[in-house]
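Have a look at the structure below, then the notes.
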Amino acid sequence: HGGWRAEWFPPGLLCAGAGYGESDWILTPRDIPMMELTEQRLTAVRRQQGLASLPTFIDGRSPLKIPARTKCTVLLDQGFLTTAYPELKVSGGKGSKIKLTYSEALFDERGKGNRNEIDGRECRGFADEFLPDGADGRLFRPLWFKTYRYIQLDIETGAAPLVVEDLYGIYTGYPFDVRGSFESDDPALEKIWETGWRTARLCAHETYFDCPYYEQLQYAGDTRIQALISLYASGDDRLVRKAIRMYDLSRSYEGITCSRYPSHIPQYIPPFSLYWIGMIHDYWMHRSDDAFVRSFLPGIRTVLSWFTEKIDPHTGLLKNGLPHWNFTDWATSWERGIAPESDSSGSAITTLQLAAALDDAADLMRRYDRPAEAKEYAAISAGLKKNVYEKCWDASKGLLRDYIGSLTYSQHVNIMGILTDAIPHKDQRAVFERIDSDPSLTQTTFYYKFYLIRALKKVGLADRYTEMLGPWQQMIDIGLTTFAETPEPTRSDCHAWSSSPNYDLLATVCGVEPASPGFATVRIAPHPGHLKQIKGVVPHPQGDITVELQRDGDILSGQVALPGQLTGDFVWNGKTVKLHPGVNPIRF
C-alpha cells in the first residue's frame with residue numbers, strides 16, 4: 001500500500017535472555033495474529049471553501065490543483081466511523097501547510113446532534129499537520145491509526161502550487177473472521193447487528209479498547225462484554241485469552257487487578273477485578289481449556305482476599321469508603337459513576353458484585369479439586385446475600401435499597417439482587433417489573449443494561465428483549481454508525497460495551513448458551529418476542545450451531561443444526577426436547 005509496508009528480516013540471537021533488569025532483549029511469542037490492513041476509500045466531499053468547485057480527488061483519479069498563495073478547506077466524509085491510517089499523496093507545494101483534523105462527528109454550540117448533518121457545524125478533534133518539501137509523489141502517513149468519520153483538510157499554499165493526488169485510509173483492526181450472524185423479519189434488528197459489530201471491531205486491535213477515539217485502553221468491565229461478543233460473532237478466542245492474561249499480569253502488591261491494562265498509568269476500579277473473575281468463568285463455560293483457566297486460580301484468590309478483608313463485621317456488607325475508584329455505571333445521579341453509600345454503610349451494589357464473583361470462584365475451585373476453597377467462598381457469598389437482604393430490603397416498596405438506611409433505590413442493586421438470588425426467587429419477577437416500570441429509580445445506562453438483560457432472562461421475561469432495543473435504534477436514527485458510550489450527550493461515539501445486542505440477539509433471542517463447562521453441551525431456549533422469523537449462527541469449537549425458527553401464533557417450527565458430536569436441550573414454553581448432532585426438526 002503505497003510503499004509504506006516494512007520489510008521484516010529473520011530473527012537472530014542478540015544475547016542470552018535473563019531475568020528482568022538483566023537483559024534488554026526479552027521477547028515472547030506473539031499470541032494474536034497481525035492486524036488487518038485493508039484500503040478504504042472516503043465516500044464523499046461534503047463541502048469546500050476557497051476553491052472554484054467541489055473537488056473529486058478522493059476517487060484517486062482526479063488530482064486537486066491548488067494555486068500558490070491560496071487558503072482552502074475541504075470536508076470529507078467516510079460515511080461511517082472507522083479506524084485507519086490515512087494516506088495523503090501530494091506533489092509540489094513547497095512551503096505549504098496541510099492540516100488534517102479527524103472527528104467522530106461535527107459540532108455546533110449544542111454539541112454533536114445528528115451525525116449526518118453538516119450545516120452550521122464544524123470539525124473538531126485531533127489533528128496532524130504536514131509540511132510538503134516540494135517533491136513529487138510524497139506520501140504522508142501517521143505512525144498510529146486515526147479514528148474518524150469526518151476528515152477536514154485545511155490547506156495553505158506558499159509561493160508554489162500544490163497538487164493533492166489522493167487521500168484514503170488503510171483500515172486496521174483485529175482480523176476477526178465473522179462466523180456468527182443474525183437475521184429476522186424485522187430489518188431494524190439487522191441494522192443494530194451491523195452497527196454493533198462495527199462498534200466491537202473498532203474497539204478491538206492489539207488489545208480490546210474502551211473506545212478507539214479517546215483512551216484506547218482495555219478496561220475489564222468493558223472487556224467482559226467484548227469477549228462474549230467476540231466468541232458469539234466470530235468464535236476467535238485469542239484476543240479473549242490475551243485480555244484475561246493481561247489482567248492477571250496487572251495485579252498489584254495489593255492483590256487486585258488494574259482496571260485497565262496495559263497502561264503506563266496504573267488505575268484501580270475494584271469492581272472490575274470482580275468482573276475479571278466473571279470473565280474467567282465465562283471463558284470456562286465457553287471453552288474446554290483447563291490448563292489455561294487453572295493458571296488464574298492464584299490471582300482469583302488474591303482479588304477475593306482483598307475484598308473479603310474489607311467486609312464490615314458490624315453490617316455484614318462491604319465497608320464504606322473502599323480504596324480507589326469504585327465505579328459501577330455512568331448513572332446520571334451518581335458522582336463519577338460511584339454507587340452511593342453512607343458514613344456507616346457500604347454499597348449494597350458492590351457487596352452483591354462481590355457475592356457474584358465468589359459464586360463464580362466457588363464453581364471454578366470446585367471444578368479444579370479445591371473443595372475447601374469452594375466451600376469457603378460459597379459460605380461468604382451466602383452471608384453477604386443474607387445481610388444485604390435483611391438490612392437493605394424495603395418491604396413497603398418491594399425493593400432493595402442502595403445501602404443500609406438509604407432513601408435511594410436503583411435498578412443496579414436490584415439487578416444484582418436478582419442475579420445472585422439475594423432476593424428470594426419467588427419475589428424476583430415482581431422486583432424486575434418494578435425496576436422496569438419506575439423511572440424514579442436510578443436507571444442503568446448502556447453498560448449496565450447488559451446485566452439488566454441477564455436479570456430479564458432470569459425472571460422469565462426475555463420475550464420482552466426485542467422491545468427494549470429502542471435506545472439502540474435511537475442512536476441509529478440520529479446518524480450514529482457505531483454505538484455510543486452513554487445516552488446523549490455522549491463523549492465517545494464508539495464504545496464496545498454498548499454492543500451487547502450482538503451477544504443477546506444470539507444468546508437471548510436465538511437462545512444459544514452453553515449448558516455445561518467447555519460448551520460440552522448446549523441449551524437453546526429462544527425468545528423471539530415480536531418476531532415471526534429468526535435465524536442465528538453461533539460459532540462453537542466443533543463447528544457452527546444454526547437455529548432457524550418460524551413462529552405462527554403459539555406454534556413454533558423450524559430446525560436446529562448442531563456440529564460435530566454436540567448434544568443439548570431445546571426449551572420452549574416449559575417443554576424440553578433433546579438435541580442430537582446434525583439437523584434436529586423443531587415443532588411445538
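The chains in the C-alpha cells are called A, B, ... from first to last as shown; in each chain the residues are counted from 1, and the ligands are counted from 1 in the order shown.
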
Tell me, counting only C-alpha atoms, for each residue of region 211-318 of chain A within 12 Å of region 467-491 of chain A, which pair of atoms is nearest and how far apart they are in Å to one decimal, in rows ordered by chain and increasing number, as a tab-separated table.
residue	atom	partner	partner_atom	distance
A:Cys211	CA	A:Glu485	CA	8.2
A:Pro212	CA	A:Thr482	CA	11.2
A:Tyr213	CA	A:Arg491	CA	9.9
A:Tyr214	CA	A:Arg491	CA	9.0
A:Glu215	CA	A:Arg491	CA	11.3
A:Asp222	CA	A:Glu485	CA	10.5

For the residues in that selection, give me C-alpha atoms as an mmCIF file, in the first residue's frame.
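Wrote out04.cif, looks like this:
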data_model
loop_
_atom_site.group_PDB
_atom_site.id
_atom_site.type_symbol
_atom_site.label_atom_id
_atom_site.label_comp_id
_atom_site.auth_asym_id
_atom_site.auth_seq_id
_atom_site.Cartn_x
_atom_site.Cartn_y
_atom_site.Cartn_z
ATOM 1 C CA CYS A 211 -13.071 3.441 22.717
ATOM 2 C CA PRO A 212 -10.890 3.987 19.663
ATOM 3 C CA TYR A 213 -11.002 7.799 19.540
ATOM 4 C CA TYR A 214 -10.042 8.759 23.090
ATOM 5 C CA GLU A 215 -8.392 6.423 25.578
ATOM 6 C CA ASP A 222 -15.897 -3.378 29.073
#

Quiz prompt | Option closest in space to Ala291 (chain A), from A:Tyr451, A:Tyr368, A:Tyr389, A:Tyr268 [counting only C-alpha atoms] | solution = A:Tyr368

Residues flagged strand (DSSP E or B) by DSSP in region 140-333 of chain A, as an mmCIF file with N, CA and C atoms, in the first residue's frame:
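See result.cif below for the written result:
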data_model
loop_
_atom_site.group_PDB
_atom_site.id
_atom_site.type_symbol
_atom_site.label_atom_id
_atom_site.label_comp_id
_atom_site.auth_asym_id
_atom_site.auth_seq_id
_atom_site.Cartn_x
_atom_site.Cartn_y
_atom_site.Cartn_z
ATOM 1 N N PHE A 140 2.226 11.002 2.833
ATOM 2 C CA PHE A 140 2.205 11.314 4.253
ATOM 3 C C PHE A 140 1.285 10.327 4.961
ATOM 4 N N LYS A 146 -5.829 6.563 13.028
ATOM 5 C CA LYS A 146 -6.752 7.611 13.448
ATOM 6 C C LYS A 146 -8.178 7.059 13.431
ATOM 7 N N THR A 147 -9.010 7.609 14.284
ATOM 8 C CA THR A 147 -10.425 7.246 14.321
ATOM 9 C C THR A 147 -11.221 8.420 13.766
ATOM 10 N N TYR A 148 -12.044 8.166 12.772
ATOM 11 C CA TYR A 148 -12.754 9.284 12.153
ATOM 12 C C TYR A 148 -13.956 8.800 11.359
ATOM 13 N N ARG A 149 -14.947 9.645 11.293
ATOM 14 C CA ARG A 149 -15.917 9.587 10.207
ATOM 15 C C ARG A 149 -15.612 10.734 9.247
ATOM 16 N N TYR A 150 -15.313 11.914 9.834
ATOM 17 C CA TYR A 150 -15.019 13.106 9.039
ATOM 18 C C TYR A 150 -13.529 13.428 9.107
ATOM 19 N N ILE A 151 -12.973 13.833 7.969
ATOM 20 C CA ILE A 151 -11.629 14.412 7.912
ATOM 21 C C ILE A 151 -11.764 15.778 7.262
ATOM 22 N N GLN A 152 -11.207 16.785 7.930
ATOM 23 C CA GLN A 152 -11.197 18.126 7.324
ATOM 24 C C GLN A 152 -9.769 18.471 6.924
ATOM 25 N N LEU A 153 -9.612 18.859 5.661
ATOM 26 C CA LEU A 153 -8.331 19.332 5.151
ATOM 27 C C LEU A 153 -8.329 20.856 5.158
ATOM 28 N N ASP A 154 -7.394 21.434 5.882
ATOM 29 C CA ASP A 154 -7.159 22.886 5.845
ATOM 30 C C ASP A 154 -5.802 23.093 5.203
ATOM 31 N N ILE A 155 -5.787 23.724 4.036
ATOM 32 C CA ILE A 155 -4.566 23.838 3.237
ATOM 33 C C ILE A 155 -4.249 25.307 3.001
ATOM 34 N N GLU A 156 -2.978 25.644 3.200
ATOM 35 C CA GLU A 156 -2.493 26.983 2.876
ATOM 36 C C GLU A 156 -1.213 26.825 2.060
ATOM 37 N N LEU A 162 0.274 23.445 -5.166
ATOM 38 C CA LEU A 162 0.244 22.107 -4.566
ATOM 39 C C LEU A 162 -0.758 21.246 -5.334
ATOM 40 N N VAL A 163 -0.390 19.989 -5.550
ATOM 41 C CA VAL A 163 -1.315 19.041 -6.157
ATOM 42 C C VAL A 163 -1.634 17.956 -5.130
ATOM 43 N N VAL A 164 -2.921 17.866 -4.752
ATOM 44 C CA VAL A 164 -3.386 16.777 -3.882
ATOM 45 C C VAL A 164 -3.837 15.657 -4.799
ATOM 46 N N GLU A 165 -3.070 14.577 -4.811
ATOM 47 C CA GLU A 165 -3.345 13.498 -5.743
ATOM 48 C C GLU A 165 -4.370 12.503 -5.210
ATOM 49 N N ASP A 166 -4.328 12.268 -3.895
ATOM 50 C CA ASP A 166 -5.232 11.254 -3.354
ATOM 51 C C ASP A 166 -5.219 11.335 -1.833
ATOM 52 N N LEU A 167 -6.307 10.871 -1.229
ATOM 53 C CA LEU A 167 -6.401 10.686 0.223
ATOM 54 C C LEU A 167 -7.363 9.532 0.471
ATOM 55 N N TYR A 168 -6.881 8.540 1.193
ATOM 56 C CA TYR A 168 -7.692 7.364 1.504
ATOM 57 C C TYR A 168 -7.197 6.814 2.837
ATOM 58 N N GLY A 169 -7.836 5.772 3.330
ATOM 59 C CA GLY A 169 -7.422 5.163 4.579
ATOM 60 C C GLY A 169 -7.012 3.718 4.389
ATOM 61 N N ILE A 170 -6.172 3.226 5.301
ATOM 62 C CA ILE A 170 -5.867 1.807 5.400
ATOM 63 C C ILE A 170 -6.511 1.332 6.694
ATOM 64 N N TYR A 171 -7.692 0.714 6.568
ATOM 65 C CA TYR A 171 -8.401 0.241 7.750
ATOM 66 C C TYR A 171 -7.523 -0.740 8.521
ATOM 67 N N THR A 172 -7.554 -0.613 9.864
ATOM 68 C CA THR A 172 -6.813 -1.550 10.692
ATOM 69 C C THR A 172 -7.651 -1.961 11.899
ATOM 70 N N GLY A 173 -7.445 -3.187 12.328
ATOM 71 C CA GLY A 173 -8.135 -3.720 13.497
ATOM 72 C C GLY A 173 -7.818 -5.192 13.628
ATOM 73 N N SER A 181 -23.995 -14.886 12.896
ATOM 74 C CA SER A 181 -24.906 -13.994 12.170
ATOM 75 C C SER A 181 -26.286 -14.051 12.795
ATOM 76 N N PHE A 182 -27.074 -13.009 12.501
ATOM 77 C CA PHE A 182 -28.458 -12.961 12.978
ATOM 78 C C PHE A 182 -29.327 -12.363 11.892
ATOM 79 N N GLU A 183 -30.462 -13.002 11.636
ATOM 80 C CA GLU A 183 -31.443 -12.495 10.680
ATOM 81 C C GLU A 183 -32.830 -12.653 11.283
ATOM 82 N N SER A 184 -33.739 -11.780 10.871
ATOM 83 C CA SER A 184 -35.124 -11.867 11.342
ATOM 84 C C SER A 184 -36.025 -11.154 10.358
ATOM 85 N N ALA A 204 -11.359 -3.279 18.939
ATOM 86 C CA ALA A 204 -10.521 -4.467 19.080
ATOM 87 C C ALA A 204 -9.332 -4.348 18.134
ATOM 88 N N TYR A 208 -8.318 -5.228 23.342
ATOM 89 C CA TYR A 208 -9.623 -4.575 23.307
ATOM 90 C C TYR A 208 -9.451 -3.129 23.759
ATOM 91 N N TYR A 219 -10.299 -1.915 29.392
ATOM 92 C CA TYR A 219 -10.918 -1.893 30.717
ATOM 93 C C TYR A 219 -11.651 -3.218 30.949
ATOM 94 N N ARG A 260 -7.558 -1.185 33.975
ATOM 95 C CA ARG A 260 -7.235 -1.129 32.549
ATOM 96 C C ARG A 260 -5.773 -1.550 32.402
ATOM 97 N N ILE A 311 -14.922 -6.709 54.498
ATOM 98 C CA ILE A 311 -16.308 -6.896 54.920
ATOM 99 C C ILE A 311 -16.448 -6.371 56.342
ATOM 100 N N LEU A 318 -19.821 -4.924 52.597
ATOM 101 C CA LEU A 318 -18.517 -4.284 52.436
ATOM 102 C C LEU A 318 -18.508 -2.956 53.169
ATOM 103 N N PHE A 327 -16.246 2.447 40.605
ATOM 104 C CA PHE A 327 -17.194 2.743 39.536
ATOM 105 C C PHE A 327 -18.173 1.581 39.345
#

Self-check item: CA of Ala361 (chain A) to CA of Leu297 (chain A), distance in Å rounded to a single decimal
Solution: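 About the pair CA of Ala361 (chain A) and CA of Leu297 (chain A): they are 8.4 Å apart.
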
Exercise. Check region 410-465 of chain A with DSSP on the backbone and list each residue it calls alpha helix (DSSP H), as a PyMOL selection string.
Key: chain A and resi 411-420+425-437+446-458

Please save N, CA and C atoms of the selected residues as an mmCIF file, in the first residue's frame.
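Contents of result.cif, freshly written:
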data_model
loop_
_atom_site.group_PDB
_atom_site.id
_atom_site.type_symbol
_atom_site.label_atom_id
_atom_site.label_comp_id
_atom_site.auth_asym_id
_atom_site.auth_seq_id
_atom_site.Cartn_x
_atom_site.Cartn_y
_atom_site.Cartn_z
ATOM 1 N N GLN A 411 -31.943 0.601 39.779
ATOM 2 C CA GLN A 411 -32.061 -0.651 39.041
ATOM 3 C C GLN A 411 -30.888 -1.559 39.377
ATOM 4 N N HIS A 412 -29.721 -0.978 39.560
ATOM 5 C CA HIS A 412 -28.477 -1.744 39.682
ATOM 6 C C HIS A 412 -28.496 -2.721 40.850
ATOM 7 N N VAL A 413 -28.828 -2.234 42.033
ATOM 8 C CA VAL A 413 -28.760 -3.119 43.201
ATOM 9 C C VAL A 413 -29.811 -4.223 43.098
ATOM 10 N N ASN A 414 -30.952 -3.910 42.527
ATOM 11 C CA ASN A 414 -31.997 -4.929 42.395
ATOM 12 C C ASN A 414 -31.674 -5.920 41.281
ATOM 13 N N ILE A 415 -30.989 -5.474 40.236
ATOM 14 C CA ILE A 415 -30.469 -6.407 39.232
ATOM 15 C C ILE A 415 -29.546 -7.418 39.901
ATOM 16 N N MET A 416 -28.613 -6.911 40.717
ATOM 17 C CA MET A 416 -27.665 -7.819 41.372
ATOM 18 C C MET A 416 -28.373 -8.702 42.402
ATOM 19 N N GLY A 417 -29.416 -8.164 43.032
ATOM 20 C CA GLY A 417 -30.194 -8.983 43.963
ATOM 21 C C GLY A 417 -30.864 -10.154 43.268
ATOM 22 N N ILE A 418 -31.333 -9.917 42.036
ATOM 23 C CA ILE A 418 -31.945 -11.000 41.246
ATOM 24 C C ILE A 418 -30.880 -11.988 40.785
ATOM 25 N N LEU A 419 -29.782 -11.480 40.241
ATOM 26 C CA LEU A 419 -28.773 -12.357 39.658
ATOM 27 C C LEU A 419 -28.086 -13.235 40.696
ATOM 28 N N THR A 420 -27.965 -12.731 41.918
ATOM 29 C CA THR A 420 -27.282 -13.514 42.962
ATOM 30 C C THR A 420 -28.252 -14.307 43.827
ATOM 31 N N HIS A 425 -36.327 -16.109 45.235
ATOM 32 C CA HIS A 425 -36.745 -16.406 43.876
ATOM 33 C C HIS A 425 -38.216 -16.066 43.637
ATOM 34 N N LYS A 426 -39.045 -16.270 44.644
ATOM 35 C CA LYS A 426 -40.481 -16.030 44.478
ATOM 36 C C LYS A 426 -40.810 -14.564 44.244
ATOM 37 N N ASP A 427 -39.911 -13.675 44.646
ATOM 38 C CA ASP A 427 -40.151 -12.231 44.516
ATOM 39 C C ASP A 427 -39.432 -11.606 43.328
ATOM 40 N N GLN A 428 -38.605 -12.363 42.641
ATOM 41 C CA GLN A 428 -37.721 -11.753 41.652
ATOM 42 C C GLN A 428 -38.459 -11.144 40.469
ATOM 43 N N ARG A 429 -39.483 -11.826 39.962
ATOM 44 C CA ARG A 429 -40.187 -11.256 38.814
ATOM 45 C C ARG A 429 -40.893 -9.953 39.192
ATOM 46 N N ALA A 430 -41.504 -9.915 40.368
ATOM 47 C CA ALA A 430 -42.183 -8.694 40.810
ATOM 48 C C ALA A 430 -41.191 -7.549 40.962
ATOM 49 N N VAL A 431 -39.999 -7.853 41.476
ATOM 50 C CA VAL A 431 -38.971 -6.818 41.610
ATOM 51 C C VAL A 431 -38.564 -6.315 40.232
ATOM 52 N N PHE A 432 -38.373 -7.229 39.295
ATOM 53 C CA PHE A 432 -37.986 -6.776 37.959
ATOM 54 C C PHE A 432 -39.076 -5.896 37.353
ATOM 55 N N GLU A 433 -40.327 -6.272 37.520
ATOM 56 C CA GLU A 433 -41.416 -5.448 36.991
ATOM 57 C C GLU A 433 -41.352 -4.032 37.559
ATOM 58 N N ARG A 434 -41.009 -3.919 38.832
ATOM 59 C CA ARG A 434 -40.918 -2.585 39.451
ATOM 60 C C ARG A 434 -39.759 -1.786 38.878
ATOM 61 N N ILE A 435 -38.591 -2.408 38.773
ATOM 62 C CA ILE A 435 -37.441 -1.630 38.298
ATOM 63 C C ILE A 435 -37.568 -1.288 36.818
ATOM 64 N N ASP A 436 -38.362 -2.082 36.100
ATOM 65 C CA ASP A 436 -38.547 -1.832 34.672
ATOM 66 C C ASP A 436 -39.602 -0.776 34.403
ATOM 67 N N SER A 437 -40.410 -0.466 35.397
ATOM 68 C CA SER A 437 -41.537 0.448 35.172
ATOM 69 C C SER A 437 -41.470 1.730 35.993
ATOM 70 N N PHE A 446 -26.037 2.313 29.037
ATOM 71 C CA PHE A 446 -25.792 1.213 28.098
ATOM 72 C C PHE A 446 -24.933 0.109 28.704
ATOM 73 N N TYR A 447 -23.928 0.478 29.503
ATOM 74 C CA TYR A 447 -23.032 -0.522 30.067
ATOM 75 C C TYR A 447 -23.793 -1.514 30.934
ATOM 76 N N TYR A 448 -24.539 -1.019 31.919
ATOM 77 C CA TYR A 448 -25.158 -1.921 32.889
ATOM 78 C C TYR A 448 -26.439 -2.554 32.369
ATOM 79 N N LYS A 449 -26.897 -2.100 31.196
ATOM 80 C CA LYS A 449 -28.052 -2.783 30.604
ATOM 81 C C LYS A 449 -27.695 -4.224 30.242
ATOM 82 N N PHE A 450 -26.427 -4.507 30.044
ATOM 83 C CA PHE A 450 -26.013 -5.894 29.842
ATOM 84 C C PHE A 450 -26.472 -6.749 31.017
ATOM 85 N N TYR A 451 -26.324 -6.268 32.245
ATOM 86 C CA TYR A 451 -26.731 -7.016 33.428
ATOM 87 C C TYR A 451 -28.243 -6.933 33.640
ATOM 88 N N LEU A 452 -28.857 -5.835 33.210
ATOM 89 C CA LEU A 452 -30.317 -5.740 33.241
ATOM 90 C C LEU A 452 -30.935 -6.874 32.413
ATOM 91 N N ILE A 453 -30.358 -7.147 31.248
ATOM 92 C CA ILE A 453 -30.889 -8.211 30.389
ATOM 93 C C ILE A 453 -30.631 -9.582 31.002
ATOM 94 N N ARG A 454 -29.525 -9.760 31.718
ATOM 95 C CA ARG A 454 -29.299 -11.027 32.424
ATOM 96 C C ARG A 454 -30.425 -11.263 33.435
ATOM 97 N N ALA A 455 -30.821 -10.192 34.134
ATOM 98 C CA ALA A 455 -31.912 -10.313 35.105
ATOM 99 C C ALA A 455 -33.241 -10.557 34.406
ATOM 100 N N LEU A 456 -33.475 -9.899 33.276
ATOM 101 C CA LEU A 456 -34.691 -10.106 32.484
ATOM 102 C C LEU A 456 -34.842 -11.588 32.132
ATOM 103 N N LYS A 457 -33.762 -12.205 31.697
ATOM 104 C CA LYS A 457 -33.804 -13.630 31.339
ATOM 105 C C LYS A 457 -34.061 -14.490 32.562
ATOM 106 N N LYS A 458 -33.421 -14.147 33.662
ATOM 107 C CA LYS A 458 -33.515 -14.983 34.853
ATOM 108 C C LYS A 458 -34.940 -15.047 35.389
#
